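Have a look at work.tsv; it's TSV, C-alpha atoms:
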chain	number	residue	atom	x	y	z
A	250	PRO	CA	115.02	63.99	75.07
A	251	THR	CA	118.27	65.92	74.86
A	252	HIS	CA	119.37	65.44	78.49
A	253	LEU	CA	118.85	63.01	81.35
A	254	VAL	CA	118.37	64.73	84.71
A	255	GLU	CA	119.43	62.70	87.75
A	256	VAL	CA	118.08	64.17	90.97
A	257	GLU	CA	119.51	63.21	94.36
A	258	GLY	CA	117.20	62.90	97.36
A	259	ARG	CA	113.49	63.59	97.60
A	260	VAL	CA	111.69	66.40	95.83
A	261	GLU	CA	108.32	67.34	97.30
A	262	GLY	CA	105.97	70.27	97.04
A	263	THR	CA	105.50	73.03	94.51
A	264	LEU	CA	108.43	75.11	95.76
A	265	MET	CA	110.99	72.34	95.29
A	266	TYR	CA	109.60	71.27	91.91
A	267	SER	CA	109.64	74.91	90.86
A	268	ALA	CA	113.28	75.18	91.97
A	269	LEU	CA	114.13	71.94	90.14
A	270	GLY	CA	112.61	73.31	86.95
A	271	TYR	CA	114.45	76.60	87.32
A	272	TYR	CA	117.79	74.85	87.84
A	273	VAL	CA	117.35	72.42	84.94
A	274	GLY	CA	116.03	75.11	82.58
A	275	ARG	CA	119.25	77.05	82.96
A	276	GLU	CA	121.25	73.94	82.22
A	277	VAL	CA	119.40	72.71	79.12
A	278	GLY	CA	118.35	75.99	77.47
A	279	ARG	CA	115.95	75.01	74.71
A	280	GLY	CA	116.48	71.29	75.19
A	281	VAL	CA	113.98	68.60	76.14
A	282	PRO	CA	115.01	67.17	79.52
A	283	SER	CA	114.14	63.71	80.77
A	284	ILE	CA	113.38	63.92	84.52
A	285	PRO	CA	112.46	60.44	85.82
A	286	LYS	CA	112.35	61.75	89.41
A	287	ALA	CA	109.16	63.60	88.47
A	288	SER	CA	107.31	60.44	87.41
A	289	GLY	CA	105.54	60.29	90.78
A	290	ALA	CA	104.81	64.01	91.03
A	291	SER	CA	101.29	65.38	91.28
A	292	GLN	CA	99.77	67.37	88.44
A	293	ASP	CA	100.29	70.57	90.41
A	294	GLU	CA	103.94	69.71	91.07
A	295	LEU	CA	104.44	69.00	87.37
A	296	LYS	CA	102.86	72.37	86.59
A	297	ALA	CA	105.37	74.07	88.91
A	298	LEU	CA	108.21	72.10	87.32
A	299	GLY	CA	107.19	73.13	83.81
A	300	ALA	CA	106.85	76.78	84.81
A	301	GLY	CA	110.35	76.76	86.28
A	302	LEU	CA	111.79	75.11	83.18
A	303	ALA	CA	110.27	77.71	80.88
A	304	THR	CA	111.31	80.63	83.09
A	305	SER	CA	115.07	80.10	83.23
A	306	GLY	CA	115.32	78.29	79.89
A	307	GLY	CA	113.36	77.91	76.70
A	308	VAL	CA	111.97	74.50	77.60
A	309	ALA	CA	108.61	73.78	75.97
A	310	MET	CA	108.49	70.06	76.74
A	311	PHE	CA	109.91	67.55	79.21
A	312	SER	CA	109.63	63.82	79.79
A	313	THR	CA	109.50	61.71	82.94
A	314	LYS	CA	110.67	58.58	81.13
A	315	PRO	CA	114.38	57.68	81.33
A	316	ALA	CA	116.47	58.67	78.32
A	317	ARG	CA	119.53	56.85	76.99
A	318	ASP	CA	122.68	58.01	75.25
A	319	VAL	CA	122.23	61.70	76.12
A	320	PRO	CA	124.24	64.05	78.36
A	321	ARG	CA	123.49	63.76	82.08
A	322	ILE	CA	122.77	66.55	84.52
A	323	ARG	CA	123.05	65.81	88.22
A	324	VAL	CA	121.03	67.86	90.69
A	325	SER	CA	121.68	67.76	94.43
A	326	PRO	CA	119.52	69.04	97.31
A	327	SER	CA	122.03	71.85	97.80
A	328	ASP	CA	121.53	72.90	94.17
A	329	LEU	CA	117.82	73.38	94.84
A	330	ARG	CA	118.47	75.25	98.08
A	331	ASP	CA	120.86	77.52	96.19
A	332	VAL	CA	118.14	78.38	93.66
A	333	VAL	CA	115.74	79.31	96.47
A	334	GLU	CA	118.37	81.44	98.19
A	335	GLU	CA	119.41	83.12	94.94
A	336	LEU	CA	115.86	84.18	94.10
A	337	SER	CA	115.00	85.25	97.66
A	338	THR	CA	115.84	88.93	98.05
A	339	GLY	CA	113.48	89.87	100.89
A	340	SER	CA	112.23	88.63	104.22
A	341	GLY	CA	108.44	88.99	104.32
A	342	GLY	CA	105.48	90.89	102.94
A	343	LEU	CA	102.36	90.16	100.92
A	344	VAL	CA	101.72	86.47	100.21
A	345	CYS	CA	101.03	85.86	96.50
A	346	LEU	CA	100.27	82.35	95.25
A	347	GLY	CA	99.20	81.35	91.76
A	348	CYS	CA	101.96	81.79	89.21
A	349	PRO	CA	101.10	79.58	87.36
A	350	HIS	CA	97.40	79.77	88.25
A	351	LEU	CA	96.21	77.67	91.17
A	352	SER	CA	94.11	74.59	90.47
A	353	LEU	CA	90.88	73.84	92.31
A	354	ARG	CA	92.72	71.36	94.50
A	355	GLU	CA	95.31	73.98	95.39
A	356	LEU	CA	92.60	76.47	96.34
A	357	GLU	CA	91.03	73.80	98.52
A	358	THR	CA	94.39	73.08	100.17
A	359	VAL	CA	94.95	76.75	100.97
A	360	TYR	CA	91.43	76.94	102.39
A	361	GLU	CA	92.13	73.91	104.59
A	362	LEU	CA	95.33	75.51	105.90
A	363	ALA	CA	93.71	78.90	106.42
A	364	SER	CA	90.64	77.52	108.21
A	365	LYS	CA	92.71	75.32	110.53
A	366	HIS	CA	95.65	77.59	111.22
A	367	GLY	CA	94.60	81.06	110.14
A	368	VAL	CA	96.64	83.24	107.83
A	369	ARG	CA	99.47	85.53	108.71
A	370	GLY	CA	99.24	88.89	107.02
A	371	GLU	CA	97.64	89.49	103.65
A	372	VAL	CA	97.24	86.56	101.25
A	373	TRP	CA	96.36	86.91	97.56
A	374	LEU	CA	95.54	83.92	95.36
A	375	PHE	CA	95.43	83.87	91.55
A	376	THR	CA	93.53	81.38	89.42
A	377	SER	CA	91.72	81.03	86.10
A	378	ARG	CA	88.13	82.12	85.56
A	379	SER	CA	86.87	78.56	85.07
A	380	VAL	CA	88.49	77.31	88.28
A	381	TYR	CA	87.26	80.40	90.14
A	382	GLU	CA	83.68	79.75	89.07
A	383	GLU	CA	83.86	76.12	90.18
A	384	ALA	CA	85.42	77.17	93.49
A	385	VAL	CA	82.57	79.65	94.01
A	386	ARG	CA	80.03	76.91	93.27
A	387	LEU	CA	81.68	74.70	95.91
A	388	GLY	CA	81.91	77.49	98.47
A	389	VAL	CA	85.72	77.49	98.49
A	390	VAL	CA	86.13	81.13	97.46
A	391	GLN	CA	83.60	82.25	100.05
A	392	GLY	CA	85.43	80.24	102.72
A	393	LEU	CA	88.78	81.74	101.75
A	394	GLU	CA	87.32	85.24	101.88
A	395	ARG	CA	85.97	84.58	105.37
A	396	CYS	CA	89.55	83.71	106.34
A	397	GLY	CA	90.72	87.06	104.98
A	398	VAL	CA	92.18	85.67	101.74
A	399	ARG	CA	91.60	87.49	98.44
A	400	VAL	CA	91.08	85.45	95.26
A	401	PHE	CA	91.70	86.96	91.81
A	402	ARG	CA	90.96	85.44	88.41
A	403	ASP	CA	92.54	85.70	84.97
A	404	THR	CA	95.60	87.62	86.16
A	405	CYS	CA	98.63	87.04	88.37
A	406	MET	CA	101.02	88.95	90.59
A	407	VAL	CA	103.65	89.19	87.85
A	408	VAL	CA	101.47	91.40	85.65
A	409	SER	CA	99.85	93.27	88.54
A	410	PRO	CA	100.98	96.85	89.30
A	411	LEU	CA	102.49	95.85	92.64
A	412	GLU	CA	104.57	98.99	93.02
A	413	ASP	CA	101.61	101.26	92.26
A	414	MET	CA	99.67	99.44	94.98
A	415	GLY	CA	102.41	100.10	97.49
A	416	VAL	CA	103.69	96.52	97.64
A	417	ARG	CA	107.40	96.36	98.44
A	418	GLU	CA	107.85	92.73	99.51
A	419	VAL	CA	106.24	89.50	98.32
A	420	ILE	CA	106.25	85.97	99.71
A	421	THR	CA	105.58	83.18	97.21
A	422	ASP	CA	106.36	79.54	96.43
A	423	SER	CA	106.98	80.15	92.73
A	424	CYS	CA	110.44	80.59	91.22
A	425	LYS	CA	108.70	81.91	88.10
A	426	ALA	CA	107.03	84.65	90.13
A	427	ALA	CA	110.23	85.48	92.02
A	428	HIS	CA	112.19	85.74	88.76
A	429	TYR	CA	109.72	87.98	86.94
A	430	ILE	CA	108.76	90.20	89.88
A	431	THR	CA	112.43	91.00	90.41
A	432	LEU	CA	113.02	91.49	86.69
A	433	MET	CA	109.96	93.60	85.95
A	434	THR	CA	110.34	95.90	88.97
A	435	GLY	CA	114.10	96.25	88.68
A	436	GLY	CA	114.44	94.71	92.13
A	437	ARG	CA	112.32	97.42	93.75
A	438	VAL	CA	109.88	94.74	94.95
A	439	SER	CA	111.76	92.09	96.90
A	440	VAL	CA	110.71	88.45	97.06
A	441	VAL	CA	111.19	85.60	99.49
A	442	LEU	CA	110.50	81.97	98.55
A	443	LYS	CA	108.83	79.66	101.06
A	444	SER	CA	106.88	76.42	100.92
A	445	ARG	CA	103.12	76.64	100.35
A	446	GLU	CA	102.42	75.82	103.98
A	447	GLU	CA	104.92	78.38	105.26
A	448	CYS	CA	103.35	80.99	102.99
A	449	VAL	CA	99.82	80.44	104.27
A	450	ARG	CA	99.77	79.26	107.87
A	451	GLY	CA	99.12	81.92	110.44
A	452	ASP	CA	100.94	79.94	113.12
A	453	GLU	CA	104.09	79.47	111.03
A	454	SER	CA	107.12	81.45	112.13
A	455	ARG	CA	108.44	83.67	109.38

The structure in this file should be written as structure tokens.
Amino acid sequence: PTHLVEVEGRVEGTLMYSALGYYVGREVGRGVPSIPKASGASQDELKALGAGLATSGGVAMFSTKPARDVPRIRVSPSDLRDVVEELSTGSGGLVCLGCPHLSLRELETVYELASKHGVRGEVWLFTSRSVYEEAVRLGVVQGLERCGVRVFRDTCMVVSPLEDMGVREVITDSCKAAHYITLMTGGRVSVVLKSREECVRGDESR
């Protein structure tokens, strides 16, 4: 590793791990950060972390084991909040989740939230073909569709023609998506970052 990242406080959920990756990626560039705080993260949280690292920096690899005799980077909760605020340029709109693609467990979690609490507005999910096929076999896709959720495979919101479809605002939990939607549309599509639960739940205040 080229840097040791010391993170203050708790980091939970894909949004915060995405923000952590985005912050650290800017700091280390093409380095290989050691992030011991992430040693207890779920696979999906690590996926969000890696996506954030590669979006703002050129990070291709990171470690969760402590590193010695390398420069230290300290990250505070306010640093992560600042990333979320910086990338949030809107207030509401179409919910897009799956940049990077959602895992089967993430699809199941969204289905659980949607079936218990409903969804607020339009929700689009993006996943890989293999995960989609397994989710169909298990009835997860069908359940999501009954809740009014659309599930797409082998694409994501970043490469979708959002403007051509009349989309002007997006809600997501991905710093990668927020970064590239803003960049690729020249800011004409605004983005707001929220936690996964806030994105999905129909009874959540937005």

Requested in this report: Take atom CA of A:Ala268 and atom CA of A:Ser340 and report the distance between them in Å, one decimal.
Outcome: 18.2 Å

Query raised in the report: What is the atom CA of A:Glu418 to atom CA of A:Leu329 distance in Å?
Result: 22.3 Å

Write out, as a Markdown table, each residue of stretch 320-431 of chain A that has an atom at most 12 Å from stretch 273-283 of chain A, together with the closest pair of atoms and their distance in Å to one decimal, counting only C-alpha atoms, rows going by chain and rising number.
| residue | atom | partner | partner_atom | distance |
| --- | --- | --- | --- | --- |
| A:Pro320 | CA | A:Pro282 | CA | 9.8 |
| A:Arg321 | CA | A:Ser283 | CA | 9.4 |
| A:Ile322 | CA | A:Glu276 | CA | 7.9 |
| A:Arg323 | CA | A:Val273 | CA | 9.3 |
| A:Val324 | CA | A:Val273 | CA | 8.2 |
| A:Ser325 | CA | A:Val273 | CA | 11.4 |
| A:Asp328 | CA | A:Val273 | CA | 10.1 |
| A:Leu329 | CA | A:Val273 | CA | 10.0 |
| A:Val332 | CA | A:Val273 | CA | 10.6 |
| A:Cys424 | CA | A:Gly274 | CA | 11.7 |
| A:Lys425 | CA | A:Gly274 | CA | 11.4 |

For the residues in the current selection, export C-alpha atoms as a PDB file, in the frame of the given file.
ATOM      1  CA  PRO A 320     124.240  64.050  78.360  1.00  0.00           C
ATOM      2  CA  ARG A 321     123.490  63.760  82.080  1.00  0.00           C
ATOM      3  CA  ILE A 322     122.770  66.550  84.520  1.00  0.00           C
ATOM      4  CA  ARG A 323     123.050  65.810  88.220  1.00  0.00           C
ATOM      5  CA  VAL A 324     121.030  67.860  90.690  1.00  0.00           C
ATOM      6  CA  SER A 325     121.680  67.760  94.430  1.00  0.00           C
ATOM      7  CA  ASP A 328     121.530  72.900  94.170  1.00  0.00           C
ATOM      8  CA  LEU A 329     117.820  73.380  94.840  1.00  0.00           C
ATOM      9  CA  VAL A 332     118.140  78.380  93.660  1.00  0.00           C
ATOM     10  CA  CYS A 424     110.440  80.590  91.220  1.00  0.00           C
ATOM     11  CA  LYS A 425     108.700  81.910  88.100  1.00  0.00           C
TER      12      LYS A 425
END

Query - Within 8 Å of A:Thr304 using all atoms listed in the file, minus same-chain residues under 3 positions, as number ranges by chain - result: A: 271, 274, 300-301, 307, 425, 428

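Counting from atom CA of A:Gly342, the distance to atom CA of A:Ser267 is 20.5 Å.
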
Report task. Find the residue from A:Leu346, A:Cys405, A:Val380, A:Ile430 that sits nearest to A:Val449; use all atoms listed in the file when measuring. Result -> A:Leu346

Query - A:Glu394 surroundings by all atoms listed in the file, 12 Å radius, close-in-sequence under 4 positions cut, as JSON, numbers by chain - result: {"A": [356, 359, 360, 363, 364, 367, 368, 371, 372, 373, 374, 384, 385, 388, 389, 390, 398, 399, 400, 401]}

Could you name the residues that touch stretch 289-299 of chain A at 6 Å or less, counting all atoms listed in the file, but leaving out those on the same chain fewer than 5 positions away, as an mmCIF file with C-alpha atoms, in the frame of the given file?
data_model
loop_
_atom_site.group_PDB
_atom_site.id
_atom_site.type_symbol
_atom_site.label_atom_id
_atom_site.label_comp_id
_atom_site.auth_asym_id
_atom_site.auth_seq_id
_atom_site.Cartn_x
_atom_site.Cartn_y
_atom_site.Cartn_z
ATOM 1 C CA THR A 263 105.500 73.030 94.510
ATOM 2 C CA TYR A 266 109.600 71.270 91.910
ATOM 3 C CA SER A 267 109.640 74.910 90.860
ATOM 4 C CA GLY A 270 112.610 73.310 86.950
#

Query - A:Val333 environment, 10 Å, only C-alpha atoms, sequence neighbours closer than 6 positions dropped, as JSON, numbers by chain - result: {"A": [264, 265, 267, 268, 269, 271, 272, 327, 422, 423, 424, 427, 441, 442, 443]}

Any chance you could export the current selection's C-alpha atoms as a PDB file, in the frame of the given file?
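Generated output (again_31.pdb):
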ATOM      1  CA  LEU A 264     108.430  75.110  95.760  1.00  0.00           C
ATOM      2  CA  MET A 265     110.990  72.340  95.290  1.00  0.00           C
ATOM      3  CA  SER A 267     109.640  74.910  90.860  1.00  0.00           C
ATOM      4  CA  ALA A 268     113.280  75.180  91.970  1.00  0.00           C
ATOM      5  CA  LEU A 269     114.130  71.940  90.140  1.00  0.00           C
ATOM      6  CA  TYR A 271     114.450  76.600  87.320  1.00  0.00           C
ATOM      7  CA  TYR A 272     117.790  74.850  87.840  1.00  0.00           C
ATOM      8  CA  SER A 327     122.030  71.850  97.800  1.00  0.00           C
ATOM      9  CA  ASP A 422     106.360  79.540  96.430  1.00  0.00           C
ATOM     10  CA  SER A 423     106.980  80.150  92.730  1.00  0.00           C
ATOM     11  CA  CYS A 424     110.440  80.590  91.220  1.00  0.00           C
ATOM     12  CA  ALA A 427     110.230  85.480  92.020  1.00  0.00           C
ATOM     13  CA  VAL A 441     111.190  85.600  99.490  1.00  0.00           C
ATOM     14  CA  LEU A 442     110.500  81.970  98.550  1.00  0.00           C
ATOM     15  CA  LYS A 443     108.830  79.660 101.060  1.00  0.00           C
TER      16      LYS A 443
END

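Among the candidates A:Val438, A:Val419, A:Ala287, A:Met406, the one nearest to A:Arg259 when counting all atoms listed in the file is A:Ala287.
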
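Comparing A:Gly435, A:Ile420, A:Thr358, A:Val308 by their smallest distance to A:Gly370, the closest is A:Ile420 (using only C-alpha atoms).
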
Extract stretch 265-276 of chain A from the preceding block and save C-alpha atoms as a PDB file, in the first residue's frame.
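This went into part-v1.pdb:
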ATOM      1  CA  MET A 265     -21.182   6.128   2.977  1.00  0.00           C
ATOM      2  CA  TYR A 266     -18.736   3.558   1.599  1.00  0.00           C
ATOM      3  CA  SER A 267     -19.194   5.110  -1.829  1.00  0.00           C
ATOM      4  CA  ALA A 268     -18.455   8.548  -0.352  1.00  0.00           C
ATOM      5  CA  LEU A 269     -15.414   7.173   1.488  1.00  0.00           C
ATOM      6  CA  GLY A 270     -14.061   5.746  -1.756  1.00  0.00           C
ATOM      7  CA  TYR A 271     -14.685   8.994  -3.605  1.00  0.00           C
ATOM      8  CA  TYR A 272     -12.887  11.027  -0.935  1.00  0.00           C
ATOM      9  CA  VAL A 273      -9.895   8.698  -0.697  1.00  0.00           C
ATOM     10  CA  GLY A 274      -9.591   8.308  -4.474  1.00  0.00           C
ATOM     11  CA  ARG A 275      -9.077  12.038  -4.842  1.00  0.00           C
ATOM     12  CA  GLU A 276      -6.403  11.962  -2.170  1.00  0.00           C
TER      13      GLU A 276
END
